[in-house]
Amino acid sequence: MNREDDTSIKEFSIKQLLSDENAYIVPMYQRNYAWGEGEITQLVQDIIDYHRLGHKRYYIGTLVVYKRDDGSLEVIDGQQRFTTLSLLAIYLKNVVREYKTSGSSDKSKKKLDLSWYKEINIGSESRPKSSNTFTALNQGIALHHLDNDKYNEGLIKGYLLIKKSLEQLKDISLQDFASYLFKKVQ
């Protein structure tokens with residue numbers, strides 16, 4: 001099928017979306033990242049609940065994109081979710097990185113595999129602070145180094161809220177959470 005003419009609806013797991021080689025661009029007309037504790041906590045809880053109930057899939061919602069002339073995909077709808085999912089993956093990748101360097105004995109962290117998450121595929125057309133923040137978080141730069149004008153405060157807040165939510169997980173291991181998130185959430 002010719003992707004240029006493709007207007008079909010496709011299902012993607014979160015892993016497929018985040019490891020997709022396409023560049024997803026948040027255009028200037030989209031609002032800044034604004035999810036707070038309520039939205040992030042609800043997303044994490046929904047994933048836990050669907051996993052616990054044994055659902056084979058959890059449909060998180062739609063991502064509507066438009067293919068630009070340069071081949072990138074302009075995010076029309078779903079930017080807040082996509083950004084949060086990217087922050088979740090970055091956080092989990094950093095947990096793995098920290099585990100490997102700290103010598104921790106936490107077995108659930110040992111089993112986390114985010115080797116597939118090579119690079120961030122969401123970017124901002126007109127917000128260099130957002131791009132700088134994604135890059136810094138993905139590189140595992142300590143958060144206290146990101147507390148200045150060069151970085152997007154909303155993204156850092158979202159990352160910290162994800163950290164808080166995942167550190168409070170009960171009745172599910174971090175590995176089970178990540179496995180369900182990346183394989184069963186669409």
# chains A, B, ... in the order shown; residues from 1 in each chain; ligands from 1
call {"tool": "select_by_dssp", "arguments": {"residues": "region 20-93 of chain A", "states": "helix (DSSP H, G or I)", "output": "tab-separated table (two decimals) with N, CA and C atoms, in the first residue's frame"}}
result
chain	number	residue	atom	x	y	z
A	37	GLU	N	-1.08	15.82	37.41
A	37	GLU	CA	-1.13	14.62	38.23
A	37	GLU	C	-2.38	13.79	37.97
A	38	GLY	N	-3.52	14.44	37.79
A	38	GLY	CA	-4.76	13.70	37.56
A	38	GLY	C	-4.71	12.84	36.33
A	39	GLU	N	-4.28	13.40	35.20
A	39	GLU	CA	-4.24	12.65	33.94
A	39	GLU	C	-3.18	11.54	33.98
A	40	ILE	N	-2.02	11.85	34.52
A	40	ILE	CA	-0.93	10.87	34.55
A	40	ILE	C	-1.27	9.72	35.49
A	41	THR	N	-1.77	10.05	36.68
A	41	THR	CA	-2.15	9.02	37.64
A	41	THR	C	-3.25	8.15	37.07
A	42	GLN	N	-4.22	8.76	36.38
A	42	GLN	CA	-5.32	7.99	35.78
A	42	GLN	C	-4.81	7.05	34.70
A	43	LEU	N	-3.90	7.52	33.86
A	43	LEU	CA	-3.33	6.67	32.82
A	43	LEU	C	-2.62	5.46	33.43
A	44	VAL	N	-1.77	5.71	34.42
A	44	VAL	CA	-1.04	4.62	35.08
A	44	VAL	C	-2.03	3.65	35.72
A	45	GLN	N	-3.03	4.18	36.41
A	45	GLN	CA	-4.02	3.32	37.08
A	45	GLN	C	-4.83	2.51	36.07
A	46	ASP	N	-5.20	3.12	34.95
A	46	ASP	CA	-5.94	2.40	33.91
A	46	ASP	C	-5.12	1.22	33.39
A	47	ILE	N	-3.85	1.43	33.17
A	47	ILE	CA	-2.98	0.36	32.68
A	47	ILE	C	-2.92	-0.77	33.71
A	48	ILE	N	-2.76	-0.41	34.97
A	48	ILE	CA	-2.73	-1.40	36.04
A	48	ILE	C	-4.05	-2.17	36.10
A	49	ASP	N	-5.17	-1.45	36.05
A	49	ASP	CA	-6.48	-2.08	36.15
A	49	ASP	C	-6.74	-3.04	34.98
A	50	TYR	N	-6.43	-2.63	33.77
A	50	TYR	CA	-6.64	-3.49	32.62
A	50	TYR	C	-5.75	-4.73	32.69
A	51	HIS	N	-4.53	-4.55	33.15
A	51	HIS	CA	-3.62	-5.69	33.33
A	51	HIS	C	-4.18	-6.65	34.37
A	52	ARG	N	-4.59	-6.10	35.51
A	52	ARG	CA	-5.09	-6.92	36.62
A	52	ARG	C	-6.34	-7.70	36.21
A	79	GLN	N	-1.48	14.46	20.99
A	79	GLN	CA	-0.15	14.92	21.38
A	79	GLN	C	0.12	14.75	22.87
A	80	GLN	N	-0.86	15.04	23.71
A	80	GLN	CA	-0.66	14.94	25.16
A	80	GLN	C	-0.39	13.48	25.57
A	81	ARG	N	-1.17	12.55	25.01
A	81	ARG	CA	-0.97	11.13	25.29
A	81	ARG	C	0.38	10.66	24.77
A	82	PHE	N	0.68	11.01	23.53
A	82	PHE	CA	1.93	10.58	22.89
A	82	PHE	C	3.13	11.11	23.69
A	83	THR	N	3.05	12.35	24.12
A	83	THR	CA	4.13	12.94	24.91
A	83	THR	C	4.28	12.19	26.23
A	84	THR	N	3.16	11.89	26.89
A	84	THR	CA	3.20	11.18	28.17
A	84	THR	C	3.77	9.78	27.98
A	85	LEU	N	3.40	9.10	26.93
A	85	LEU	CA	3.92	7.76	26.66
A	85	LEU	C	5.43	7.81	26.40
A	86	SER	N	5.87	8.85	25.72
A	86	SER	CA	7.30	9.03	25.48
A	86	SER	C	8.04	9.28	26.80
A	87	LEU	N	7.44	10.10	27.66
A	87	LEU	CA	8.04	10.36	28.98
A	87	LEU	C	8.09	9.08	29.82
A	88	LEU	N	7.04	8.26	29.73
A	88	LEU	CA	7.02	6.97	30.43
A	88	LEU	C	8.18	6.09	29.96
A	89	ALA	N	8.36	6.00	28.66
A	89	ALA	CA	9.44	5.17	28.11
A	89	ALA	C	10.80	5.70	28.54
A	90	ILE	N	10.96	7.00	28.50
A	90	ILE	CA	12.23	7.60	28.92
A	90	ILE	C	12.49	7.31	30.40
A	91	TYR	N	11.46	7.47	31.23
A	91	TYR	CA	11.62	7.19	32.65
A	91	TYR	C	12.05	5.73	32.86
A	92	LEU	N	11.36	4.80	32.22
A	92	LEU	CA	11.68	3.39	32.39
A	92	LEU	C	13.08	3.07	31.86
A	93	LYS	N	13.47	3.70	30.76
A	93	LYS	CA	14.82	3.53	30.23
A	93	LYS	C	15.85	4.03	31.25
call {"tool": "closest_atom_pairs", "arguments": {"of": "region 74-96 of chain A", "to": "region 21-26 of chain A", "cutoff": "8 Å", "atoms": "only C-alpha atoms", "output": "JSON lines"}}
result
{"residue": "A:Glu74", "atom": "CA", "partner": "A:Ile25", "partner_atom": "CA", "distance": 4.8}
{"residue": "A:Val75", "atom": "CA", "partner": "A:Val26", "partner_atom": "CA", "distance": 5.3}
{"residue": "A:Ile76", "atom": "CA", "partner": "A:Val26", "partner_atom": "CA", "distance": 7.8}
{"residue": "A:Gln79", "atom": "CA", "partner": "A:Val26", "partner_atom": "CA", "distance": 7.0}
call {"tool": "closest_residue", "arguments": {"among": "A:Asn138, A:Thr7, A:Ser126, A:Gln186", "to": "Asn94 (chain A)", "atoms": "only C-alpha atoms"}}
result
A:Asn138
call {"tool": "closest_atom_pairs", "arguments": {"of": "region 90-152 of chain A", "to": "region 171-185 of chain A", "cutoff": "10 Å", "atoms": "only C-alpha atoms", "output": "JSON lines"}}
result
{"residue": "A:Leu92", "atom": "CA", "partner": "A:Ala178", "partner_atom": "CA", "distance": 7.8}
{"residue": "A:Val95", "atom": "CA", "partner": "A:Leu174", "partner_atom": "CA", "distance": 9.8}
{"residue": "A:Lys107", "atom": "CA", "partner": "A:Gln175", "partner_atom": "CA", "distance": 9.0}
{"residue": "A:Ser108", "atom": "CA", "partner": "A:Gln175", "partner_atom": "CA", "distance": 5.4}
{"residue": "A:Lys109", "atom": "CA", "partner": "A:Gln175", "partner_atom": "CA", "distance": 6.5}
{"residue": "A:Lys110", "atom": "CA", "partner": "A:Gln175", "partner_atom": "CA", "distance": 8.5}
{"residue": "A:Lys111", "atom": "CA", "partner": "A:Gln175", "partner_atom": "CA", "distance": 6.3}
{"residue": "A:Leu112", "atom": "CA", "partner": "A:Gln175", "partner_atom": "CA", "distance": 5.4}
{"residue": "A:Asp113", "atom": "CA", "partner": "A:Gln175", "partner_atom": "CA", "distance": 8.5}
{"residue": "A:Leu114", "atom": "CA", "partner": "A:Ala178", "partner_atom": "CA", "distance": 9.2}
call {"tool": "atom_distance", "arguments": {"atom1": "CA of Val65 (chain A)", "atom2": "CA of Ser130 (chain A)"}}
result
19.3 Å
call {"tool": "closest_residue", "arguments": {"among": "A:Arg31, A:Lys67, A:Gly140, A:Ile14", "to": "Thr101 (chain A)", "atoms": "only C-alpha atoms"}}
result
A:Gly140
call {"tool": "residues_around", "arguments": {"residues": "Ser131 (chain A)", "least_positions_apart": "6", "cutoff": "12 Å", "atoms": "only C-alpha atoms", "output": "JSON list (two decimals) with all heavy atoms, in the first residue's frame"}}
result
[["chain", "number", "residue", "atom", "x", "y", "z"],
["A", 25, "ILE", "N", 5.90, 15.22, 14.48],
["A", 25, "ILE", "CA", 6.14, 16.63, 14.79],
["A", 25, "ILE", "C", 4.90, 17.26, 15.41],
["A", 25, "ILE", "O", 3.81, 17.18, 14.85],
["A", 25, "ILE", "CB", 6.52, 17.42, 13.51],
["A", 25, "ILE", "CG1", 7.72, 16.78, 12.80],
["A", 25, "ILE", "CG2", 6.78, 18.88, 13.83],
["A", 25, "ILE", "CD1", 8.99, 16.74, 13.62],
["A", 26, "VAL", "N", 5.10, 17.89, 16.56],
["A", 26, "VAL", "CA", 4.03, 18.66, 17.19],
["A", 26, "VAL", "C", 4.10, 20.06, 16.60],
["A", 26, "VAL", "O", 5.09, 20.76, 16.78],
["A", 26, "VAL", "CB", 4.20, 18.70, 18.73],
["A", 26, "VAL", "CG1", 3.11, 19.55, 19.36],
["A", 26, "VAL", "CG2", 4.20, 17.29, 19.29],
["A", 83, "THR", "N", 3.05, 12.35, 24.12],
["A", 83, "THR", "CA", 4.13, 12.94, 24.91],
["A", 83, "THR", "C", 4.28, 12.19, 26.23],
["A", 83, "THR", "O", 5.39, 11.86, 26.65],
["A", 83, "THR", "CB", 3.86, 14.44, 25.16],
["A", 83, "THR", "OG1", 3.79, 15.11, 23.90],
["A", 83, "THR", "CG2", 4.93, 15.07, 26.02],
["A", 120, "ILE", "N", 13.99, 9.21, 20.59],
["A", 120, "ILE", "CA", 12.68, 9.85, 20.70],
["A", 120, "ILE", "C", 12.20, 10.18, 19.29],
["A", 120, "ILE", "O", 12.95, 10.76, 18.50],
["A", 120, "ILE", "CB", 12.80, 11.13, 21.54],
["A", 120, "ILE", "CG1", 13.35, 10.78, 22.91],
["A", 120, "ILE", "CG2", 11.47, 11.85, 21.64],
["A", 120, "ILE", "CD1", 13.98, 11.94, 23.62],
["A", 121, "ASN", "N", 10.97, 9.83, 18.99],
["A", 121, "ASN", "CA", 10.47, 10.11, 17.64],
["A", 121, "ASN", "C", 9.39, 11.20, 17.63],
["A", 121, "ASN", "O", 8.76, 11.43, 16.62],
["A", 121, "ASN", "CB", 9.95, 8.83, 16.97],
["A", 121, "ASN", "CG", 8.83, 8.16, 17.72],
["A", 121, "ASN", "OD1", 8.43, 8.59, 18.79],
["A", 121, "ASN", "ND2", 8.30, 7.09, 17.15],
["A", 122, "ILE", "N", 9.23, 11.87, 18.75],
["A", 122, "ILE", "CA", 8.31, 13.01, 18.78],
["A", 122, "ILE", "C", 9.15, 14.26, 19.02],
["A", 122, "ILE", "O", 10.08, 14.26, 19.83],
["A", 122, "ILE", "CB", 7.22, 12.86, 19.87],
["A", 122, "ILE", "CG1", 6.21, 14.01, 19.80],
["A", 122, "ILE", "CG2", 7.83, 12.70, 21.24],
["A", 122, "ILE", "CD1", 5.00, 13.84, 20.70],
["A", 123, "GLY", "N", 8.84, 15.29, 18.27],
["A", 123, "GLY", "CA", 9.58, 16.54, 18.40],
["A", 123, "GLY", "C", 8.65, 17.73, 18.22],
["A", 123, "GLY", "O", 7.49, 17.57, 17.83],
["A", 124, "SER", "N", 9.18, 18.88, 18.49],
["A", 124, "SER", "CA", 8.39, 20.09, 18.40],
["A", 124, "SER", "C", 8.91, 20.96, 17.27],
["A", 124, "SER", "O", 10.11, 21.16, 17.12],
["A", 124, "SER", "CB", 8.47, 20.86, 19.72],
["A", 124, "SER", "OG", 7.74, 22.04, 19.62],
["A", 125, "GLU", "N", 7.97, 21.46, 16.50],
["A", 125, "GLU", "CA", 8.32, 22.29, 15.36],
["A", 125, "GLU", "C", 8.88, 23.65, 15.78],
["A", 125, "GLU", "O", 9.78, 24.17, 15.16],
["A", 125, "GLU", "CB", 7.04, 22.49, 14.53],
["A", 125, "GLU", "CG", 7.16, 23.37, 13.34],
["A", 125, "GLU", "CD", 5.87, 23.37, 12.55],
["A", 125, "GLU", "OE1", 4.85, 23.90, 13.04],
["A", 125, "GLU", "OE2", 5.89, 22.81, 11.46],
["A", 137, "LEU", "N", 16.45, 14.43, 29.10],
["A", 137, "LEU", "CA", 15.85, 13.34, 29.88],
["A", 137, "LEU", "C", 16.26, 11.98, 29.32],
["A", 137, "LEU", "O", 16.60, 11.06, 30.07],
["A", 137, "LEU", "CB", 14.32, 13.46, 29.89],
["A", 137, "LEU", "CG", 13.73, 14.61, 30.69],
["A", 137, "LEU", "CD1", 12.23, 14.74, 30.41],
["A", 137, "LEU", "CD2", 14.00, 14.45, 32.17],
["A", 138, "ASN", "N", 16.26, 11.86, 28.01],
["A", 138, "ASN", "CA", 16.63, 10.60, 27.36],
["A", 138, "ASN", "C", 18.09, 10.24, 27.62],
["A", 138, "ASN", "O", 18.45, 9.07, 27.65],
["A", 138, "ASN", "CB", 16.34, 10.66, 25.86],
["A", 138, "ASN", "CG", 16.36, 9.30, 25.22],
["A", 138, "ASN", "OD1", 15.79, 8.35, 25.75],
["A", 138, "ASN", "ND2", 17.00, 9.21, 24.08],
["A", 150, "LYS", "N", 16.42, 26.80, 29.80],
["A", 150, "LYS", "CA", 16.66, 26.06, 28.56],
["A", 150, "LYS", "C", 15.72, 24.87, 28.40],
["A", 150, "LYS", "O", 15.70, 24.24, 27.34],
["A", 150, "LYS", "CB", 18.10, 25.55, 28.53],
["A", 150, "LYS", "CG", 19.14, 26.64, 28.46],
["A", 150, "LYS", "CD", 20.53, 26.04, 28.45],
["A", 150, "LYS", "CE", 21.57, 27.13, 28.57],
["A", 150, "LYS", "NZ", 22.92, 26.58, 28.75],
["A", 151, "TYR", "N", 14.98, 24.54, 29.46],
["A", 151, "TYR", "CA", 14.18, 23.31, 29.44],
["A", 151, "TYR", "C", 12.72, 23.61, 29.72],
["A", 151, "TYR", "O", 12.37, 24.59, 30.37],
["A", 151, "TYR", "CB", 14.74, 22.32, 30.47],
["A", 151, "TYR", "CG", 16.19, 21.99, 30.18],
["A", 151, "TYR", "CD1", 17.21, 22.58, 30.90],
["A", 151, "TYR", "CD2", 16.51, 21.11, 29.16],
["A", 151, "TYR", "CE1", 18.54, 22.31, 30.60],
["A", 151, "TYR", "CE2", 17.83, 20.83, 28.86],
["A", 151, "TYR", "CZ", 18.85, 21.43, 29.58],
["A", 151, "TYR", "OH", 20.15, 21.15, 29.29],
["A", 152, "ASN", "N", 11.87, 22.71, 29.22],
["A", 152, "ASN", "CA", 10.42, 22.86, 29.33],
["A", 152, "ASN", "C", 9.95, 22.36, 30.69],
["A", 152, "ASN", "O", 10.03, 21.17, 31.00],
["A", 152, "ASN", "CB", 9.74, 22.07, 28.20],
["A", 152, "ASN", "CG", 8.25, 22.18, 28.21],
["A", 152, "ASN", "OD1", 7.61, 21.86, 29.20],
["A", 152, "ASN", "ND2", 7.69, 22.61, 27.10],
["A", 155, "LEU", "N", 7.23, 19.49, 30.74],
["A", 155, "LEU", "CA", 7.74, 18.14, 30.48],
["A", 155, "LEU", "C", 8.46, 17.58, 31.70],
["A", 155, "LEU", "O", 8.31, 16.40, 32.03],
["A", 155, "LEU", "CB", 8.68, 18.14, 29.27],
["A", 155, "LEU", "CG", 8.02, 18.36, 27.91],
["A", 155, "LEU", "CD1", 9.08, 18.48, 26.82],
["A", 155, "LEU", "CD2", 7.04, 17.26, 27.59],
["A", 156, "ILE", "N", 9.23, 18.42, 32.37],
["A", 156, "ILE", "CA", 9.94, 17.97, 33.57],
["A", 156, "ILE", "C", 8.93, 17.61, 34.66],
["A", 156, "ILE", "O", 9.06, 16.58, 35.33],
["A", 156, "ILE", "CB", 10.94, 19.04, 34.05],
["A", 156, "ILE", "CG1", 12.05, 19.19, 33.01],
["A", 156, "ILE", "CG2", 11.51, 18.69, 35.43],
["A", 156, "ILE", "CD1", 12.94, 20.39, 33.22]]
call {"tool": "atom_distance", "arguments": {"atom1": "CA of Gly36 (chain A)", "atom2": "CA of Gly154 (chain A)"}}
result
8.6 Å
call {"tool": "select_by_dssp", "arguments": {"residues": "region 15-121 of chain A", "states": "strand (DSSP E or B)", "output": "list in words"}}
result
Tyr24, Ile25, Val26, Tyr58, Val64, Val65, Tyr66, Lys67, Leu73, Glu74, Val75, Ile76 and Asp77 of chain A
call {"tool": "atom_distance", "arguments": {"atom1": "CA of Leu17 (chain A)", "atom2": "CA of Asp69 (chain A)"}}
result
20.7 Å
call {"tool": "residues_around", "arguments": {"residues": "Ile9 (chain A)", "least_positions_apart": "5", "cutoff": "10 Å", "atoms": "only C-alpha atoms", "output": "tab-separated table (two decimals) with all heavy atoms, in the first residue's frame"}}
result
chain	number	residue	atom	x	y	z
A	62	THR	N	-6.81	7.61	20.21
A	62	THR	CA	-6.30	7.77	18.85
A	62	THR	C	-5.14	8.76	18.79
A	62	THR	O	-5.02	9.66	19.63
A	62	THR	CB	-7.41	8.27	17.90
A	62	THR	OG1	-7.93	9.50	18.41
A	62	THR	CG2	-8.53	7.26	17.77
A	63	LEU	N	-4.35	8.56	17.77
A	63	LEU	CA	-3.32	9.50	17.38
A	63	LEU	C	-3.61	9.84	15.93
A	63	LEU	O	-3.60	8.95	15.08
A	63	LEU	CB	-1.93	8.88	17.52
A	63	LEU	CG	-0.75	9.74	17.04
A	63	LEU	CD1	-0.60	10.99	17.92
A	63	LEU	CD2	0.53	8.93	17.05
A	64	VAL	N	-3.94	11.08	15.67
A	64	VAL	CA	-4.27	11.51	14.32
A	64	VAL	C	-3.08	12.30	13.79
A	64	VAL	O	-2.61	13.25	14.43
A	64	VAL	CB	-5.55	12.37	14.29
A	64	VAL	CG1	-5.86	12.83	12.88
A	64	VAL	CG2	-6.72	11.61	14.90
